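Peer 1: Below you'll find the structure I mean.
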Amino acid sequence: MSINTILVHLDESEKGKQCLGVATTLADRFDAHLTAVGVKAPIYVPSFAAAQVPPDVYESMSAEQDRALAATEEKFNEKMRATGRTDRSGWVQGDGDMARIVAGQARYADLTILGQENPDVDAGAYEGFPDAVVMGAGGPVLIVPYIGVQKDIGKSILVAWNGSREAARAVKDALPFLAQADNVTILSANPGKNEDIPGADIAVYLSEHGIEAKTGKTVSDSVDVGDMLLNEVAEGGYDMVVMGGYGHSRLREVILGGVTHYLLGHMTVPVLFSH
């Protein structure tokens with residue numbers, strides 16, 4: 001597998017700037033075509049206040065969305081001109097549900113990049129947006145943490161492994177990254193007692209692709225698996241995590257497995273999810 005097409009969701013926020021930086025770097029690394037998608041989402045007004053908002057306010061908010069999208073498109077085009085990518089890039093725009101539009105576009109890309117939800121500032125259309133795209137994209141989704149990315153990613157990768165279909169899909173989707181990494185570790189958290197060497201089989205699979213991976217495990221009865229993974233990321237100096245995304249519905253209360261949902265909320269490095 002190669003990464004020939006990358007889709008990045010952009011808006012005027014700081015996360016949009018961070019995502020564009022990561023997307024441009026990866027497009028150059030993989031010599032991929034880069035498409036940016038902007039979305040004019042339905043105007044969000046809390047239900048208790050909706051009846052009090054006059055029509056001209058909605059018109060003003062809609063006009064502001066148009067201005068922000070136009071400015072974001074221009075910044076994207078400026079970046080593409082500055083990096084010599086005008087013939088290997090494009091802009092698409094949709095009007096409606098943000099997750100539906102981005103997930104729909106993601107089905108025509110080898111990799112989709114978007115920003116982590118920041119609970120302190122994100123409300124309305126962006127709330128639950130990354131979760132829903134992971135579930136609906138049909139391919140790998142790289143989530144960039146809102147705290148930012150400090151260095152080039154994918155040099156030291158931690159693979160969260162539990163032997164599931166989703167984990168296997170994530171490893172296969174991540175092969176282009178894994179093949180270029182300096183260090184790959186397959187980590188099993190609280191593996192089954194009958195597993196002699198947890199992750200050994202997937203390590204053999206990777207070796208057939210020319211990828212040398214170490215295996216490891218972490219065990220605790222008192223620490224949640226999500227925290228165990230984050231601890232390993234910090235202690236091992238990893239700059240990227242690969243893991244399966246679990247869930248069957250976009251409804252918040254049942255959307256994802258606990259570890260996936262926890263990582264989406266607490267990630268400290270980019271995470272490549274596949275469902």
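All residue names refer to the structure tokens as shown: chains lettered A, B, ... in order, residues numbered from 1 in each chain, ligands numbered from 1 in order.
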As an MDAnalysis selection string, please: all residues of stretch 45-193 of chain A that backbone DSSP puts in helix (DSSP H, G or I).
Peer 2: chainID A and resid 47:50 55:82 86:88 98:106 124:126 129:136 165:173 175:180
Peer 1: Can you tell me, as a VMD selection string, what residues are no more than 8 Å from A:Ala170 when counting only C-alpha atoms, ignoring any on the same chain fewer than 5 positions away?
Peer 2: chain A and resid 140 242 to 244 272 to 275
Peer 1: Produce a file of the selected residues containing N, CA and C atoms, as a PDB file, in the first residue's frame.
Peer 2:
```
ATOM      1  N   PRO A 140      -7.920   4.949   6.909  1.00  0.00           N
ATOM      2  CA  PRO A 140      -7.195   5.509   8.051  1.00  0.00           C
ATOM      3  C   PRO A 140      -7.437   7.009   8.229  1.00  0.00           C
ATOM      4  N   VAL A 242      -0.534   4.033  16.480  1.00  0.00           N
ATOM      5  CA  VAL A 242      -1.418   3.368  15.515  1.00  0.00           C
ATOM      6  C   VAL A 242      -2.337   2.446  16.297  1.00  0.00           C
ATOM      7  N   MET A 243      -3.643   2.572  16.071  1.00  0.00           N
ATOM      8  CA  MET A 243      -4.572   1.698  16.782  1.00  0.00           C
ATOM      9  C   MET A 243      -5.899   1.582  16.045  1.00  0.00           C
ATOM     10  N   GLY A 244      -6.615   0.515  16.321  1.00  0.00           N
ATOM     11  CA  GLY A 244      -7.934   0.324  15.737  1.00  0.00           C
ATOM     12  C   GLY A 244      -8.959   1.209  16.414  1.00  0.00           C
ATOM     13  N   LEU A 272      -3.115   7.441  14.461  1.00  0.00           N
ATOM     14  CA  LEU A 272      -3.740   6.946  13.246  1.00  0.00           C
ATOM     15  C   LEU A 272      -4.751   5.874  13.653  1.00  0.00           C
ATOM     16  N   PHE A 273      -6.026   6.174  13.394  1.00  0.00           N
ATOM     17  CA  PHE A 273      -7.111   5.253  13.704  1.00  0.00           C
ATOM     18  C   PHE A 273      -7.620   4.604  12.415  1.00  0.00           C
ATOM     19  N   SER A 274      -7.989   3.339  12.511  1.00  0.00           N
ATOM     20  CA  SER A 274      -8.716   2.674  11.424  1.00  0.00           C
ATOM     21  C   SER A 274      -9.847   1.879  12.029  1.00  0.00           C
ATOM     22  N   HIS A 275     -10.970   1.870  11.328  1.00  0.00           N
ATOM     23  CA  HIS A 275     -12.127   1.120  11.828  1.00  0.00           C
ATOM     24  C   HIS A 275     -12.476   0.027  10.814  1.00  0.00           C
TER      25      HIS A 275
END
```
Peer 1: Using backbone DSSP assignments, extract all strand (DSSP E or B) residues from stretch 140-250 of chain A; output them as an mmCIF file with all heavy atoms, in the first residue's frame.
Peer 2:
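And here's part25.cif as it stands now:
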```cif
data_model
loop_
_atom_site.group_PDB
_atom_site.id
_atom_site.type_symbol
_atom_site.label_atom_id
_atom_site.label_comp_id
_atom_site.auth_asym_id
_atom_site.auth_seq_id
_atom_site.Cartn_x
_atom_site.Cartn_y
_atom_site.Cartn_z
ATOM 1 N N VAL A 141 -7.558 7.403 9.490
ATOM 2 C CA VAL A 141 -7.748 8.807 9.847
ATOM 3 C C VAL A 141 -6.672 9.190 10.854
ATOM 4 O O VAL A 141 -6.562 8.570 11.916
ATOM 5 C CB VAL A 141 -9.144 9.065 10.453
ATOM 6 C CG1 VAL A 141 -9.304 10.537 10.828
ATOM 7 C CG2 VAL A 141 -10.237 8.651 9.466
ATOM 8 N N LEU A 142 -5.873 10.176 10.518
ATOM 9 C CA LEU A 142 -4.826 10.653 11.414
ATOM 10 C C LEU A 142 -5.351 11.874 12.156
ATOM 11 O O LEU A 142 -5.684 12.887 11.538
ATOM 12 C CB LEU A 142 -3.572 11.022 10.624
ATOM 13 C CG LEU A 142 -2.363 11.457 11.456
ATOM 14 C CD1 LEU A 142 -1.781 10.273 12.227
ATOM 15 C CD2 LEU A 142 -1.292 12.088 10.568
ATOM 16 N N ILE A 143 -5.447 11.769 13.481
ATOM 17 C CA ILE A 143 -5.937 12.869 14.304
ATOM 18 C C ILE A 143 -4.736 13.613 14.883
ATOM 19 O O ILE A 143 -3.855 13.013 15.503
ATOM 20 C CB ILE A 143 -6.830 12.367 15.449
ATOM 21 C CG1 ILE A 143 -7.911 11.406 14.919
ATOM 22 C CG2 ILE A 143 -7.467 13.540 16.186
ATOM 23 C CD1 ILE A 143 -8.957 12.049 14.067
ATOM 24 N N VAL A 144 -4.709 14.924 14.676
ATOM 25 C CA VAL A 144 -3.627 15.775 15.172
ATOM 26 C C VAL A 144 -4.066 16.393 16.497
ATOM 27 O O VAL A 144 -5.125 17.021 16.564
ATOM 28 C CB VAL A 144 -3.296 16.892 14.158
ATOM 29 C CG1 VAL A 144 -2.194 17.807 14.685
ATOM 30 C CG2 VAL A 144 -2.885 16.282 12.816
ATOM 31 N N SER A 156 9.113 7.343 15.305
ATOM 32 C CA SER A 156 9.054 6.358 16.375
ATOM 33 C C SER A 156 7.579 6.057 16.652
ATOM 34 O O SER A 156 6.858 6.914 17.172
ATOM 35 C CB SER A 156 9.753 6.881 17.637
ATOM 36 O OG SER A 156 9.765 5.914 18.655
ATOM 37 N N ILE A 157 7.121 4.863 16.290
ATOM 38 C CA ILE A 157 5.690 4.555 16.278
ATOM 39 C C ILE A 157 5.360 3.455 17.282
ATOM 40 O O ILE A 157 6.027 2.414 17.328
ATOM 41 C CB ILE A 157 5.239 4.115 14.870
ATOM 42 C CG1 ILE A 157 5.526 5.228 13.856
ATOM 43 C CG2 ILE A 157 3.759 3.760 14.870
ATOM 44 C CD1 ILE A 157 5.165 4.851 12.424
ATOM 45 N N LEU A 158 4.312 3.694 18.051
ATOM 46 C CA LEU A 158 3.775 2.694 18.965
ATOM 47 C C LEU A 158 2.497 2.130 18.368
ATOM 48 O O LEU A 158 1.568 2.877 18.058
ATOM 49 C CB LEU A 158 3.478 3.318 20.329
ATOM 50 C CG LEU A 158 2.970 2.348 21.408
ATOM 51 C CD1 LEU A 158 4.095 1.427 21.857
ATOM 52 C CD2 LEU A 158 2.402 3.118 22.602
ATOM 53 N N VAL A 159 2.456 0.814 18.192
ATOM 54 C CA VAL A 159 1.266 0.147 17.680
ATOM 55 C C VAL A 159 0.531 -0.495 18.849
ATOM 56 O O VAL A 159 1.081 -1.361 19.548
ATOM 57 C CB VAL A 159 1.640 -0.942 16.651
ATOM 58 C CG1 VAL A 159 0.393 -1.687 16.180
ATOM 59 C CG2 VAL A 159 2.377 -0.328 15.462
ATOM 60 N N ALA A 160 -0.695 -0.068 19.092
ATOM 61 C CA ALA A 160 -1.523 -0.662 20.143
ATOM 62 C C ALA A 160 -2.171 -1.920 19.575
ATOM 63 O O ALA A 160 -2.996 -1.844 18.656
ATOM 64 C CB ALA A 160 -2.580 0.339 20.604
ATOM 65 N N ASN A 183 11.822 3.366 14.399
ATOM 66 C CA ASN A 183 11.554 2.514 15.550
ATOM 67 C C ASN A 183 10.068 2.173 15.583
ATOM 68 O O ASN A 183 9.220 3.072 15.528
ATOM 69 C CB ASN A 183 11.955 3.236 16.844
ATOM 70 C CG ASN A 183 11.506 2.503 18.084
ATOM 71 O OD1 ASN A 183 11.662 1.294 18.191
ATOM 72 N ND2 ASN A 183 10.930 3.232 19.030
ATOM 73 N N VAL A 184 9.738 0.885 15.628
ATOM 74 C CA VAL A 184 8.353 0.425 15.708
ATOM 75 C C VAL A 184 8.239 -0.538 16.883
ATOM 76 O O VAL A 184 8.999 -1.510 16.981
ATOM 77 C CB VAL A 184 7.901 -0.284 14.420
ATOM 78 C CG1 VAL A 184 6.474 -0.827 14.582
ATOM 79 C CG2 VAL A 184 7.982 0.649 13.218
ATOM 80 N N THR A 185 7.294 -0.276 17.765
ATOM 81 C CA THR A 185 7.043 -1.157 18.903
ATOM 82 C C THR A 185 5.585 -1.589 18.892
ATOM 83 O O THR A 185 4.683 -0.754 18.770
ATOM 84 C CB THR A 185 7.348 -0.463 20.241
ATOM 85 O OG1 THR A 185 8.734 -0.105 20.278
ATOM 86 C CG2 THR A 185 7.051 -1.384 21.412
ATOM 87 N N ILE A 186 5.367 -2.891 19.004
ATOM 88 C CA ILE A 186 4.012 -3.433 19.110
ATOM 89 C C ILE A 186 3.735 -3.673 20.581
ATOM 90 O O ILE A 186 4.406 -4.482 21.231
ATOM 91 C CB ILE A 186 3.903 -4.748 18.324
ATOM 92 C CG1 ILE A 186 4.222 -4.512 16.854
ATOM 93 C CG2 ILE A 186 2.504 -5.343 18.474
ATOM 94 C CD1 ILE A 186 4.473 -5.782 16.084
ATOM 95 N N LEU A 187 2.755 -2.964 21.101
ATOM 96 C CA LEU A 187 2.470 -3.027 22.527
ATOM 97 C C LEU A 187 1.128 -3.697 22.777
ATOM 98 O O LEU A 187 0.101 -3.291 22.230
ATOM 99 C CB LEU A 187 2.458 -1.626 23.139
ATOM 100 C CG LEU A 187 2.218 -1.584 24.652
ATOM 101 C CD1 LEU A 187 3.453 -2.084 25.401
ATOM 102 C CD2 LEU A 187 1.861 -0.163 25.110
ATOM 103 N N SER A 188 1.130 -4.709 23.625
ATOM 104 C CA SER A 188 -0.109 -5.358 24.065
ATOM 105 C C SER A 188 -0.364 -4.958 25.513
ATOM 106 O O SER A 188 0.505 -5.122 26.369
ATOM 107 C CB SER A 188 0.019 -6.881 23.958
ATOM 108 O OG SER A 188 0.236 -7.279 22.623
ATOM 109 N N ALA A 189 -1.550 -4.431 25.769
ATOM 110 C CA ALA A 189 -1.921 -4.026 27.120
ATOM 111 C C ALA A 189 -2.799 -5.103 27.747
ATOM 112 O O ALA A 189 -3.813 -5.503 27.175
ATOM 113 C CB ALA A 189 -2.660 -2.689 27.091
ATOM 114 N N LYS A 214 9.729 -4.319 17.433
ATOM 115 C CA LYS A 214 9.881 -4.909 18.757
ATOM 116 C C LYS A 214 8.492 -5.186 19.330
ATOM 117 O O LYS A 214 7.514 -4.536 18.950
ATOM 118 C CB LYS A 214 10.639 -3.956 19.674
ATOM 119 C CG LYS A 214 12.060 -3.644 19.224
ATOM 120 C CD LYS A 214 12.706 -2.611 20.135
ATOM 121 C CE LYS A 214 12.065 -1.238 19.959
ATOM 122 N NZ LYS A 214 12.773 -0.193 20.743
ATOM 123 N N THR A 215 8.417 -6.138 20.220
ATOM 124 C CA THR A 215 7.156 -6.419 20.902
ATOM 125 C C THR A 215 7.311 -6.119 22.382
ATOM 126 O O THR A 215 8.405 -6.207 22.948
ATOM 127 C CB THR A 215 6.727 -7.894 20.734
ATOM 128 O OG1 THR A 215 7.734 -8.745 21.281
ATOM 129 C CG2 THR A 215 6.514 -8.222 19.267
ATOM 130 N N GLY A 216 6.230 -5.764 22.993
ATOM 131 C CA GLY A 216 6.252 -5.477 24.420
ATOM 132 C C GLY A 216 4.858 -5.607 24.990
ATOM 133 O O GLY A 216 3.869 -5.716 24.259
ATOM 134 N N LYS A 217 4.761 -5.590 26.283
ATOM 135 C CA LYS A 217 3.458 -5.650 26.925
ATOM 136 C C LYS A 217 3.486 -4.795 28.181
ATOM 137 O O LYS A 217 4.548 -4.518 28.757
ATOM 138 C CB LYS A 217 3.081 -7.088 27.279
ATOM 139 C CG LYS A 217 3.971 -7.749 28.334
ATOM 140 C CD LYS A 217 3.489 -9.157 28.635
ATOM 141 C CE LYS A 217 4.371 -9.827 29.690
ATOM 142 N NZ LYS A 217 3.907 -11.194 30.012
ATOM 143 N N THR A 218 2.322 -4.342 28.569
ATOM 144 C CA THR A 218 2.173 -3.591 29.804
ATOM 145 C C THR A 218 0.960 -4.148 30.535
ATOM 146 O O THR A 218 -0.078 -4.414 29.921
ATOM 147 C CB THR A 218 2.023 -2.079 29.543
ATOM 148 O OG1 THR A 218 1.875 -1.390 30.786
ATOM 149 C CG2 THR A 218 0.841 -1.777 28.642
ATOM 150 N N MET A 240 4.040 8.966 17.438
ATOM 151 C CA MET A 240 2.821 8.578 16.720
ATOM 152 C C MET A 240 2.314 7.267 17.283
ATOM 153 O O MET A 240 3.101 6.410 17.695
ATOM 154 C CB MET A 240 3.116 8.440 15.218
ATOM 155 C CG MET A 240 1.924 8.098 14.346
ATOM 156 S SD MET A 240 2.418 8.055 12.602
ATOM 157 C CE MET A 240 0.921 7.416 11.844
ATOM 158 N N VAL A 241 0.993 7.114 17.313
ATOM 159 C CA VAL A 241 0.355 5.877 17.762
ATOM 160 C C VAL A 241 -0.517 5.346 16.639
ATOM 161 O O VAL A 241 -1.158 6.119 15.910
ATOM 162 C CB VAL A 241 -0.505 6.110 19.029
ATOM 163 C CG1 VAL A 241 -1.288 4.853 19.401
ATOM 164 C CG2 VAL A 241 0.367 6.554 20.194
ATOM 165 N N VAL A 242 -0.534 4.033 16.480
ATOM 166 C CA VAL A 242 -1.418 3.368 15.515
ATOM 167 C C VAL A 242 -2.337 2.446 16.297
ATOM 168 O O VAL A 242 -1.872 1.634 17.106
ATOM 169 C CB VAL A 242 -0.599 2.542 14.491
ATOM 170 C CG1 VAL A 242 -1.527 1.689 13.627
ATOM 171 C CG2 VAL A 242 0.252 3.463 13.626
ATOM 172 N N MET A 243 -3.643 2.572 16.071
ATOM 173 C CA MET A 243 -4.572 1.698 16.782
ATOM 174 C C MET A 243 -5.899 1.582 16.045
ATOM 175 O O MET A 243 -6.252 2.440 15.220
ATOM 176 C CB MET A 243 -4.814 2.185 18.213
ATOM 177 C CG MET A 243 -5.610 3.457 18.345
ATOM 178 S SD MET A 243 -5.927 3.863 20.078
ATOM 179 C CE MET A 243 -6.985 2.506 20.581
ATOM 180 N N GLY A 244 -6.615 0.515 16.321
ATOM 181 C CA GLY A 244 -7.934 0.324 15.737
ATOM 182 C C GLY A 244 -8.959 1.209 16.414
ATOM 183 O O GLY A 244 -8.849 1.525 17.597
#
```
Peer 1: Can you tell me which residues surround A:Leu230 at a distance of at most 9 Å, considering only C-alpha atoms, apart from same-chain residues fewer than 6 positions away, and format the answer as a PyMOL selection string?
Peer 2: chain A and resi 263+266-268
Peer 1: Between A:Ala200, A:Ala99, A:Ala181, A:Val149, which residue has the minimum interatomic distance to A:Ala132, considering only C-alpha atoms?
Peer 2: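 Closest to A:Ala132, using only C-alpha atoms: A:Ala99.
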